[in-house]
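Visitor: Take a look at coords34.cif, mmCIF, C-alpha atoms:
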data_input
loop_
_atom_site.group_PDB
_atom_site.id
_atom_site.type_symbol
_atom_site.label_atom_id
_atom_site.label_comp_id
_atom_site.auth_asym_id
_atom_site.auth_seq_id
_atom_site.Cartn_x
_atom_site.Cartn_y
_atom_site.Cartn_z
ATOM 1 C CA MET A 205 12.843 -8.777 -3.598
ATOM 2 C CA ASN A 206 11.161 -5.847 -5.299
ATOM 3 C CA ILE A 207 12.572 -4.817 -8.670
ATOM 4 C CA SER A 208 10.702 -1.500 -8.410
ATOM 5 C CA ASN A 209 13.062 -0.632 -5.567
ATOM 6 C CA GLY A 210 16.060 -1.361 -7.762
ATOM 7 C CA ALA A 211 17.251 -4.800 -6.667
ATOM 8 C CA LEU A 212 20.107 -2.908 -5.051
ATOM 9 C CA ILE A 213 20.673 -5.992 -2.916
ATOM 10 C CA THR A 214 20.795 -9.370 -4.645
ATOM 11 C CA LYS A 215 21.633 -12.808 -3.289
ATOM 12 C CA HIS A 216 23.334 -15.313 -5.570
ATOM 13 C CA LYS A 217 24.809 -18.681 -4.592
ATOM 14 C CA GLY A 218 25.058 -17.802 -0.923
ATOM 15 C CA ARG A 219 26.537 -14.341 -1.389
ATOM 16 C CA LEU A 220 24.937 -10.931 -1.031
ATOM 17 C CA TYR A 221 25.753 -8.218 -3.578
ATOM 18 C CA VAL A 222 25.120 -4.855 -1.939
ATOM 19 C CA CYS A 223 25.184 -1.525 -3.765
ATOM 20 C CA ASP A 224 26.889 1.019 -1.498
ATOM 21 C CA LEU A 225 24.644 4.076 -1.372
ATOM 22 C CA GLU A 226 26.211 5.247 1.870
ATOM 23 C CA ASN A 227 29.646 6.084 0.459
ATOM 24 C CA TYR A 228 29.321 5.212 -3.263
ATOM 25 C CA ARG A 229 32.382 2.956 -3.202
ATOM 26 C CA GLY A 230 30.929 0.364 -5.540
ATOM 27 C CA THR A 231 29.168 -2.925 -4.829
ATOM 28 C CA TYR A 232 30.179 -5.068 -1.856
ATOM 29 C CA ILE A 233 30.099 -8.857 -1.862
ATOM 30 C CA LEU A 234 29.219 -10.391 1.501
ATOM 31 C CA ASP A 235 29.562 -14.006 2.616
ATOM 32 C CA GLU A 236 27.002 -15.945 4.679
ATOM 33 C CA GLU A 237 28.199 -14.272 7.899
ATOM 34 C CA CYS A 238 27.989 -10.830 6.224
ATOM 35 C CA GLY A 239 31.747 -10.484 6.142
ATOM 36 C CA VAL A 240 33.161 -8.571 3.179
ATOM 37 C CA ALA A 241 34.342 -11.104 0.601
ATOM 38 C CA GLY A 242 35.071 -8.621 -2.169
ATOM 39 C CA ARG A 243 34.048 -5.467 -3.954
ATOM 40 C CA ILE A 244 33.498 -4.406 -7.553
ATOM 41 C CA GLU A 245 33.756 -0.881 -8.917
ATOM 42 C CA GLY A 246 30.320 -0.722 -10.506
ATOM 43 C CA LEU A 247 27.347 0.744 -8.635
ATOM 44 C CA MET A 248 24.881 -2.075 -9.167
ATOM 45 C CA TRP A 249 21.325 -1.021 -9.822
ATOM 46 C CA PHE A 250 18.395 -3.103 -11.126
ATOM 47 C CA ALA A 251 20.269 -6.377 -10.825
ATOM 48 C CA ALA A 252 19.201 -9.895 -11.836
ATOM 49 C CA THR A 253 21.075 -13.192 -11.956
ATOM 50 C CA LEU A 254 21.250 -16.058 -14.420
ATOM 51 C CA GLY A 255 23.680 -18.977 -14.198
ATOM 52 C CA THR A 256 27.030 -17.646 -12.988
ATOM 53 C CA SER A 257 26.294 -14.126 -14.220
ATOM 54 C CA LEU A 258 24.850 -11.071 -12.527
ATOM 55 C CA TYR A 259 23.354 -8.464 -14.890
ATOM 56 C CA TYR A 260 23.012 -4.907 -13.680
ATOM 57 C CA SER A 261 22.768 -1.303 -14.775
ATOM 58 C CA ASP A 262 25.846 0.595 -13.607
ATOM 59 C CA GLN A 263 24.920 3.935 -12.087
ATOM 60 C CA ARG A 264 28.596 4.875 -12.307
ATOM 61 C CA ASP A 265 28.540 4.464 -16.101
ATOM 62 C CA LYS A 266 25.342 6.094 -17.390
ATOM 63 C CA ASP A 267 23.167 3.142 -16.287
ATOM 64 C CA TYR A 268 24.644 1.006 -19.066
ATOM 65 C CA LEU A 269 23.991 -2.735 -18.897
ATOM 66 C CA TYR A 270 26.880 -4.728 -17.394
ATOM 67 C CA CYS A 271 27.514 -8.391 -16.731
ATOM 68 C CA LEU A 272 29.500 -9.611 -13.732
ATOM 69 C CA ASP A 273 30.975 -13.095 -13.794
ATOM 70 C CA THR A 274 30.371 -14.084 -10.163
ATOM 71 C CA GLU A 275 33.240 -16.579 -10.210
ATOM 72 C CA SER A 276 36.047 -14.446 -11.679
ATOM 73 C CA LEU A 277 34.455 -11.096 -10.626
ATOM 74 C CA SER A 278 35.217 -9.668 -14.070
ATOM 75 C CA GLU A 279 32.853 -6.936 -15.303
ATOM 76 C CA ASN A 280 31.882 -6.437 -18.926
ATOM 77 C CA CYS A 281 29.666 -3.798 -20.532
ATOM 78 C CA LEU A 282 27.052 -5.536 -22.694
ATOM 79 C CA LEU A 283 24.965 -2.617 -23.861
ATOM 80 C CA LYS A 284 25.715 1.097 -24.027
ATOM 81 C CA ARG A 285 22.227 2.385 -23.391
ATOM 82 C CA PRO A 286 20.590 3.272 -20.073
ATOM 83 C CA CYS A 287 18.736 0.234 -18.743
ATOM 84 C CA GLY A 288 16.329 -0.202 -15.849
ATOM 85 C CA TYR A 289 14.082 -2.886 -14.340
ATOM 86 C CA ILE A 290 16.389 -5.699 -15.471
ATOM 87 C CA THR A 291 14.495 -8.973 -15.159
ATOM 88 C CA VAL A 292 15.262 -12.584 -16.027
ATOM 89 C CA PHE A 293 12.374 -14.901 -16.889
ATOM 90 C CA ASP A 294 12.736 -18.381 -18.393
ATOM 91 C CA ASP A 295 16.368 -17.646 -19.365
ATOM 92 C CA ARG A 296 15.265 -14.480 -21.160
ATOM 93 C CA LEU A 297 16.526 -11.057 -20.100
ATOM 94 C CA PHE A 298 14.220 -8.030 -20.275
ATOM 95 C CA PHE A 299 14.915 -4.401 -19.481
ATOM 96 C CA LEU A 300 13.404 -0.952 -19.815
ATOM 97 C CA ASP A 301 15.287 1.327 -22.200
ATOM 98 C CA GLU A 302 15.217 4.513 -20.137
ATOM 99 C CA THR A 303 15.676 6.730 -23.192
ATOM 100 C CA GLU A 304 12.853 5.250 -25.264
ATOM 101 C CA SER A 305 10.707 4.136 -22.284
ATOM 102 C CA LEU A 306 10.189 0.806 -24.088
ATOM 103 C CA ILE A 307 10.607 -2.742 -22.760
ATOM 104 C CA HIS A 308 13.235 -4.693 -24.689
ATOM 105 C CA GLU A 309 14.452 -8.261 -24.727
ATOM 106 C CA LEU A 310 18.196 -8.917 -24.939
ATOM 107 C CA ASP A 311 19.429 -11.999 -26.769
ATOM 108 C CA LEU A 312 22.290 -13.104 -24.514
ATOM 109 C CA LYS A 313 23.891 -15.120 -27.313
ATOM 110 C CA THR A 314 23.928 -12.471 -30.047
ATOM 111 C CA GLY A 315 23.754 -9.292 -27.973
ATOM 112 C CA LYS A 316 20.860 -8.017 -30.096
ATOM 113 C CA THR A 317 17.875 -6.281 -28.562
ATOM 114 C CA SER A 318 14.297 -6.016 -29.756
ATOM 115 C CA PRO A 319 11.285 -4.199 -28.301
ATOM 116 C CA VAL A 320 8.661 -6.442 -26.730
ATOM 117 C CA MET A 321 5.920 -3.859 -27.296
ATOM 118 C CA ARG A 322 5.563 -0.297 -28.544
ATOM 119 C CA GLU A 323 3.752 1.052 -25.499
ATOM 120 C CA ARG A 324 5.783 3.601 -23.552
ATOM 121 C CA VAL A 325 5.966 2.731 -19.856
ATOM 122 C CA SER A 326 7.792 4.033 -16.794
ATOM 123 C CA SER A 327 8.304 0.689 -15.031
ATOM 124 C CA PHE A 328 7.262 -2.938 -15.161
ATOM 125 C CA ILE A 329 7.264 -6.243 -13.319
ATOM 126 C CA LEU A 330 6.843 -9.775 -14.658
ATOM 127 C CA TRP A 331 4.386 -12.028 -12.885
ATOM 128 C CA GLU A 332 3.313 -15.488 -14.016
ATOM 129 C CA GLY A 333 4.195 -14.830 -17.642
ATOM 130 C CA ALA A 334 2.641 -11.373 -17.934
ATOM 131 C CA PHE A 335 4.036 -7.847 -17.915
ATOM 132 C CA TYR A 336 2.394 -5.408 -15.494
ATOM 133 C CA CYS A 337 3.398 -1.911 -16.562
ATOM 134 C CA ALA A 338 3.074 1.568 -15.132
ATOM 135 C CA SER A 339 2.247 4.174 -17.760
ATOM 136 C CA ALA A 340 0.666 7.593 -18.123
ATOM 137 C CA LYS A 341 -2.577 5.762 -18.946
ATOM 138 C CA GLY A 342 -2.553 3.729 -15.749
ATOM 139 C CA LEU A 343 -1.736 0.084 -15.067
ATOM 140 C CA LEU A 344 -1.352 -2.052 -18.201
ATOM 141 C CA ARG A 345 -1.003 -5.816 -18.613
ATOM 142 C CA PHE A 346 0.662 -7.483 -21.617
ATOM 143 C CA GLY A 347 1.469 -11.051 -22.523
ATOM 144 C CA LEU A 348 5.063 -12.252 -22.543
ATOM 145 C CA TYR A 349 5.342 -11.627 -26.293
ATOM 146 C CA GLY A 350 3.698 -8.229 -26.285
ATOM 147 C CA GLY A 351 0.647 -7.752 -28.450
ATOM 148 C CA LYS A 352 -2.410 -5.802 -27.425
ATOM 149 C CA GLY A 353 -2.423 -4.869 -23.768
ATOM 150 C CA ASP A 354 -5.231 -4.506 -21.250
ATOM 151 C CA LEU A 355 -5.767 -1.339 -19.246
ATOM 152 C CA LEU A 356 -6.483 -2.711 -15.774
ATOM 153 C CA THR A 357 -7.041 0.653 -14.103
ATOM 154 C CA GLU A 358 -6.543 4.332 -14.894
ATOM 155 C CA HIS A 359 -4.913 4.841 -11.498
ATOM 156 C CA ILE A 360 -1.196 5.472 -12.081
ATOM 157 C CA PRO A 361 1.073 3.090 -10.139
ATOM 158 C CA LEU A 362 4.469 3.536 -8.539
ATOM 159 C CA CYS A 363 6.530 0.743 -6.911
ATOM 160 C CA LEU A 364 4.626 -2.085 -8.550
ATOM 161 C CA ALA A 365 4.621 -5.492 -6.883
ATOM 162 C CA TYR A 366 2.278 -8.463 -6.834
ATOM 163 C CA SER A 367 0.483 -9.740 -3.751
ATOM 164 C CA ALA A 368 -1.875 -12.600 -2.950
ATOM 165 C CA LEU A 369 -4.755 -10.223 -3.738
ATOM 166 C CA GLY A 370 -3.372 -8.853 -7.017
ATOM 167 C CA PRO A 371 -1.125 -5.951 -8.061
ATOM 168 C CA VAL A 372 -0.102 -3.665 -5.205
ATOM 169 C CA PHE A 373 1.348 -0.195 -5.678
ATOM 170 C CA ALA A 374 1.590 3.379 -4.508
ATOM 171 C CA ASP A 375 -1.211 5.252 -6.288
ATOM 172 C CA VAL A 376 0.335 8.366 -7.829
ATOM 173 C CA SER A 377 -3.168 9.532 -8.733
ATOM 174 C CA HIS A 378 -4.126 9.619 -5.048
ATOM 175 C CA ASN A 379 -1.132 11.029 -3.178
ATOM 176 C CA PHE A 380 0.819 7.741 -3.104
ATOM 177 C CA ALA A 381 -1.861 5.816 -1.220
ATOM 178 C CA LEU A 382 -0.892 2.163 -0.786
ATOM 179 C CA SER A 383 -3.408 0.338 -2.980
ATOM 180 C CA VAL A 384 -4.336 -3.162 -4.111
ATOM 181 C CA LEU A 385 -6.119 -3.955 -7.369
ATOM 182 C CA LYS A 386 -8.158 -7.107 -6.862
ATOM 183 C CA ASP A 387 -9.099 -9.338 -9.775
ATOM 184 C CA GLY A 388 -11.972 -7.913 -11.811
ATOM 185 C CA GLN A 389 -11.850 -4.461 -10.211
ATOM 186 C CA ARG A 390 -11.137 -1.226 -12.058
ATOM 187 C CA THR A 391 -10.694 0.858 -8.918
ATOM 188 C CA PRO A 392 -8.022 -0.241 -6.438
ATOM 189 C CA ASP A 393 -8.705 -0.610 -2.722
ATOM 190 C CA LYS A 394 -6.711 1.567 -0.370
ATOM 191 C CA ALA A 395 -4.705 -0.382 2.206
ATOM 192 C CA GLY A 396 -5.581 1.571 5.326
ATOM 193 C CA ARG A 397 -4.271 5.126 5.456
ATOM 194 C CA VAL A 398 -0.739 4.223 4.426
ATOM 195 C CA LYS A 399 1.026 6.376 1.857
ATOM 196 C CA THR A 400 4.311 5.138 0.461
ATOM 197 C CA GLN A 401 7.010 5.346 -2.178
ATOM 198 C CA SER A 402 8.694 2.080 -1.230
ATOM 199 C CA LEU A 403 7.115 -1.328 -0.661
ATOM 200 C CA ALA A 404 7.806 -5.052 -0.865
ATOM 201 C CA VAL A 405 5.668 -8.179 -0.724
ATOM 202 C CA GLU A 406 6.327 -11.542 0.903
ATOM 203 C CA GLY A 407 3.687 -14.242 1.131
ATOM 204 C CA ARG A 408 0.563 -12.868 2.811
ATOM 205 C CA TYR A 409 2.227 -9.634 3.882
ATOM 206 C CA ILE A 410 2.858 -6.215 2.355
ATOM 207 C CA TYR A 411 5.658 -4.113 3.829
ATOM 208 C CA ALA A 412 5.684 -0.380 3.160
ATOM 209 C CA ALA A 413 7.654 2.671 4.293
ATOM 210 C CA ASP A 414 4.774 4.845 5.516
ATOM 211 C CA LEU A 415 5.097 8.505 4.509
ATOM 212 C CA THR A 416 2.484 9.454 7.120
ATOM 213 C CA ASP A 417 4.702 8.075 9.918
ATOM 214 C CA ASP A 418 8.185 9.360 8.991
ATOM 215 C CA CYS A 419 8.801 6.365 6.676
ATOM 216 C CA SER A 420 8.658 3.762 9.441
ATOM 217 C CA VAL A 421 7.875 0.303 8.075
ATOM 218 C CA VAL A 422 4.323 -0.976 8.379
ATOM 219 C CA ARG A 423 3.312 -4.586 7.735
ATOM 220 C CA LEU A 424 -0.162 -5.321 6.382
ATOM 221 C CA HIS A 425 -1.859 -8.717 6.232
ATOM 222 C CA THR A 426 -3.492 -9.313 2.831
ATOM 223 C CA GLU A 427 -6.109 -11.681 4.245
ATOM 224 C CA GLY A 428 -7.080 -10.268 7.612
ATOM 225 C CA GLY A 429 -6.445 -6.649 6.695
ATOM 226 C CA GLY A 430 -4.620 -5.945 9.936
ATOM 227 C CA ALA A 431 -1.559 -3.709 10.103
ATOM 228 C CA ILE A 432 1.280 -3.266 12.568
ATOM 229 C CA ARG A 433 4.227 -0.906 12.848
ATOM 230 C CA PHE A 434 6.963 -3.370 11.985
ATOM 231 C CA CYS A 435 10.103 -1.217 12.206
ATOM 232 C CA GLY A 436 10.564 2.295 13.555
ATOM 233 C CA GLU A 437 13.571 3.257 11.429
ATOM 234 C CA ARG A 438 13.203 5.841 8.648
ATOM 235 C CA ALA A 439 13.388 3.444 5.718
ATOM 236 C CA GLU A 440 13.368 3.367 1.945
ATOM 237 C CA LYS A 441 14.288 0.957 -0.889
ATOM 238 C CA LEU A 442 12.715 -2.037 0.829
ATOM 239 C CA HIS A 443 13.943 -5.464 -0.293
ATOM 240 C CA ILE A 444 12.984 -8.916 0.910
ATOM 241 C CA ILE A 445 15.438 -11.782 0.489
ATOM 242 C CA GLU A 446 14.573 -15.127 2.049
ATOM 243 C CA ASP A 447 13.674 -14.426 5.699
ATOM 244 C CA HIS A 448 14.931 -10.848 6.064
ATOM 245 C CA LEU A 449 13.800 -7.343 5.199
ATOM 246 C CA TYR A 450 16.589 -5.079 3.915
ATOM 247 C CA PHE A 451 16.297 -1.298 3.693
ATOM 248 C CA LEU A 452 18.247 1.939 3.518
ATOM 249 C CA ASN A 453 18.178 3.673 6.899
ATOM 250 C CA GLN A 454 17.790 7.406 6.336
ATOM 251 C CA ASN A 455 18.578 7.994 10.011
ATOM 252 C CA ASP A 456 22.026 6.507 9.470
ATOM 253 C CA LYS A 457 23.433 8.062 6.285
ATOM 254 C CA ASN A 458 21.590 5.652 3.965
ATOM 255 C CA ALA A 459 23.383 2.639 5.420
ATOM 256 C CA TRP A 460 21.833 -0.761 4.704
ATOM 257 C CA TYR A 461 20.005 -2.462 7.564
ATOM 258 C CA LYS A 462 18.361 -5.841 7.844
ATOM 259 C CA MET A 463 15.625 -7.215 10.083
ATOM 260 C CA PRO A 464 14.151 -10.720 10.421
ATOM 261 C CA LEU A 465 10.659 -11.077 8.984
ATOM 262 C CA SER A 466 9.789 -12.877 12.201
ATOM 263 C CA GLY A 467 10.387 -9.580 14.016
ATOM 264 C CA GLY A 468 13.094 -8.347 16.336
ATOM 265 C CA ARG A 469 15.769 -5.697 16.117
ATOM 266 C CA SER A 470 17.090 -4.148 12.926
ATOM 267 C CA ILE A 471 20.869 -4.188 12.583
ATOM 268 C CA ARG A 472 23.380 -2.479 10.328
ATOM 269 C CA LEU A 473 24.344 -4.762 7.489
ATOM 270 C CA LEU A 474 27.904 -3.416 7.250
ATOM 271 C CA PRO A 475 28.973 -2.144 10.687
ATOM 272 C CA ALA A 476 32.201 -0.665 9.300
ATOM 273 C CA LEU A 477 32.815 -0.243 5.594
ATOM 274 C CA PRO A 478 36.462 -0.806 4.591
ATOM 275 C CA LEU A 479 38.235 2.031 2.873
#
Go ahead and express the file in the form of structure tokens.
Guide:
Amino acid sequence: MNISNGALITKHKGRLYVCDLENYRGTYILDEECGVAGRIEGLMWFAATLGTSLYYSDQRDKDYLYCLDTESLSENCLLKRPCGYITVFDDRLFFLDETESLIHELDLKTGKTSPVMRERVSSFILWEGAFYCASAKGLLRFGLYGGKGDLLTEHIPLCLAYSALGPVFADVSHNFALSVLKDGQRTPDKAGRVKTQSLAVEGRYIYAADLTDDCSVVRLHTEGGGAIRFCGERAEKLHIIEDHLYFLNQNDKNAWYKMPLSGGRSIRLLPALPL
């Protein structure tokens, strides 16, 4: 799953939590057969799970930080400040304060927050105990406890993820070219001629909605360098959960679709949304 695409779909203990961006009716809870098992009022965005709780920024309430008890389905506002890129790592919860543009850590016991670093960033991911951050300077890397960061490249990233080759992103500096920054390089390699604003990584493969081909999904092999047109739908907000690719289908009113990573036909996740 790619947090840069919002984590609008999250799987927790066998259930899918799906933010409804087709009709804005809230967040649907689906069972293993994708039948509707429930719905909450909040529009879940940037979600992460820990224990029996699901933490998310509620687009319906100023992107404030909420906690959903996945057993009782009770919702509780934890923090009245706009939060993005909510991430759990080693039982610690991090988020981007969208007003300050600073990464904070939330103490789940006391409810107190503290900035991890003073560098202003627009997004971040956590990978193997390090923050990779998009900023006006370029791509920065910080340790888990902040400190002095390293400027990995001056190319400005969008939709950060991490692949077998290193950080992968859409290069804002070069018209959203899909790019990979290999270890030790300062200039990223372009991944073919693909341009994108939505991507996800799974194993040896990078999936991207290609702006040069009406946002159809292309799959690139990180080792062999080959690329195929994986899905012809007009897609965005790519997510990968287990063995499926999930995406918003712009040809079908931003309905969620899913497709096996092994290939095949994409299908509507919710054939008929209940009123």
Visitor: Which residue out of A:Ala439, A:Leu362, A:Leu300, A:Leu452 has the minimum interatomic distance to Ser377 of chain A when all atoms listed in the file are used?
Guide: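 Nearest candidate to Ser377 of chain A out of A:Ala439, A:Leu362, A:Leu300, A:Leu452: A:Leu362.
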Visitor: Between A:Gly218, A:Pro392, A:Gly210, A:Gly246, which residue has the minimum interatomic distance to Leu272 of chain A, considering all atoms listed in the file?
Guide: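 Residue with the minimum atom-to-atom distance to Leu272 of chain A: A:Gly246.
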Visitor: Once the PyMOL selection byres ((chain A and resi 423) around 8) is applied to the coordinates I shared, what remains selected? I want it as a PyMOL selection string.
Guide: chain A and resi 409-412+421-422+424-425+431-434
Visitor: Quick one: distance from atom CA of Ala413 of chain A to atom CA of Val222 of chain A in Å, one decimal?
Guide: 20.0 Å
Visitor: In Å, with one decimal, what is the gap from atom CA of Leu369 of chain A to atom CA of Tyr336 of chain A?
Guide: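 It comes out at 14.6 Å.
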Visitor: Pick the closest to Arg243 of chain A from A:Asp265, A:Glu323, A:Glu304, A:Glu279: which is it, counting all atoms listed in the file?
Guide: A:Glu279
Visitor: Within 6 Å of (21.2, 3.1, 5.8), only C-alpha atoms: residues as a list in words?
Guide: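 Collected hits near the coordinates: Leu452, Asn453, Gln454, Asp456, Lys457, Asn458, Ala459, Trp460 and Tyr461 of chain A.
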Visitor: Store the residues picked out above, limited to C-alpha atoms, as a compact mmCIF listing (two decimals), in the frame of the given file.
Guide:
# COMPACT_ATOMS: atom_id res chain seq x y z
CA LEU A 452 18.25 1.94 3.52
CA ASN A 453 18.18 3.67 6.90
CA GLN A 454 17.79 7.41 6.34
CA ASP A 456 22.03 6.51 9.47
CA LYS A 457 23.43 8.06 6.28
CA ASN A 458 21.59 5.65 3.96
CA ALA A 459 23.38 2.64 5.42
CA TRP A 460 21.83 -0.76 4.70
CA TYR A 461 20.00 -2.46 7.56
Visitor: For a test of reading the model, state the distance in Å between atom CA of Glu332 of chain A and atom CA of Cys363 of chain A, rounded to one decimal.
Guide: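 We find that atom CA of Glu332 of chain A and atom CA of Cys363 of chain A lie 18.0 Å from each other.
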Visitor: With distances taken over only C-alpha atoms, which residue among A:Leu449, A:Ala395, A:Val376, A:Ala368 lies nearest Arg408 of chain A?
Guide: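 Counting only C-alpha atoms, the residue closest to Arg408 of chain A is A:Ala368.
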Visitor: Using all atoms listed in the file, which residue out of A:Val405, A:Leu465, A:Leu473, A:Cys337 lies closest to Ile233 of chain A?
Guide: A:Leu473
Visitor: Excluding Gly333 of chain A and its own-chain neighbours fewer than 4 positions away, which residues fall within 9 Å of it when counting all atoms listed in the file? Please give them as a VMD selection string.
Guide: chain A and resid 293 347 to 348
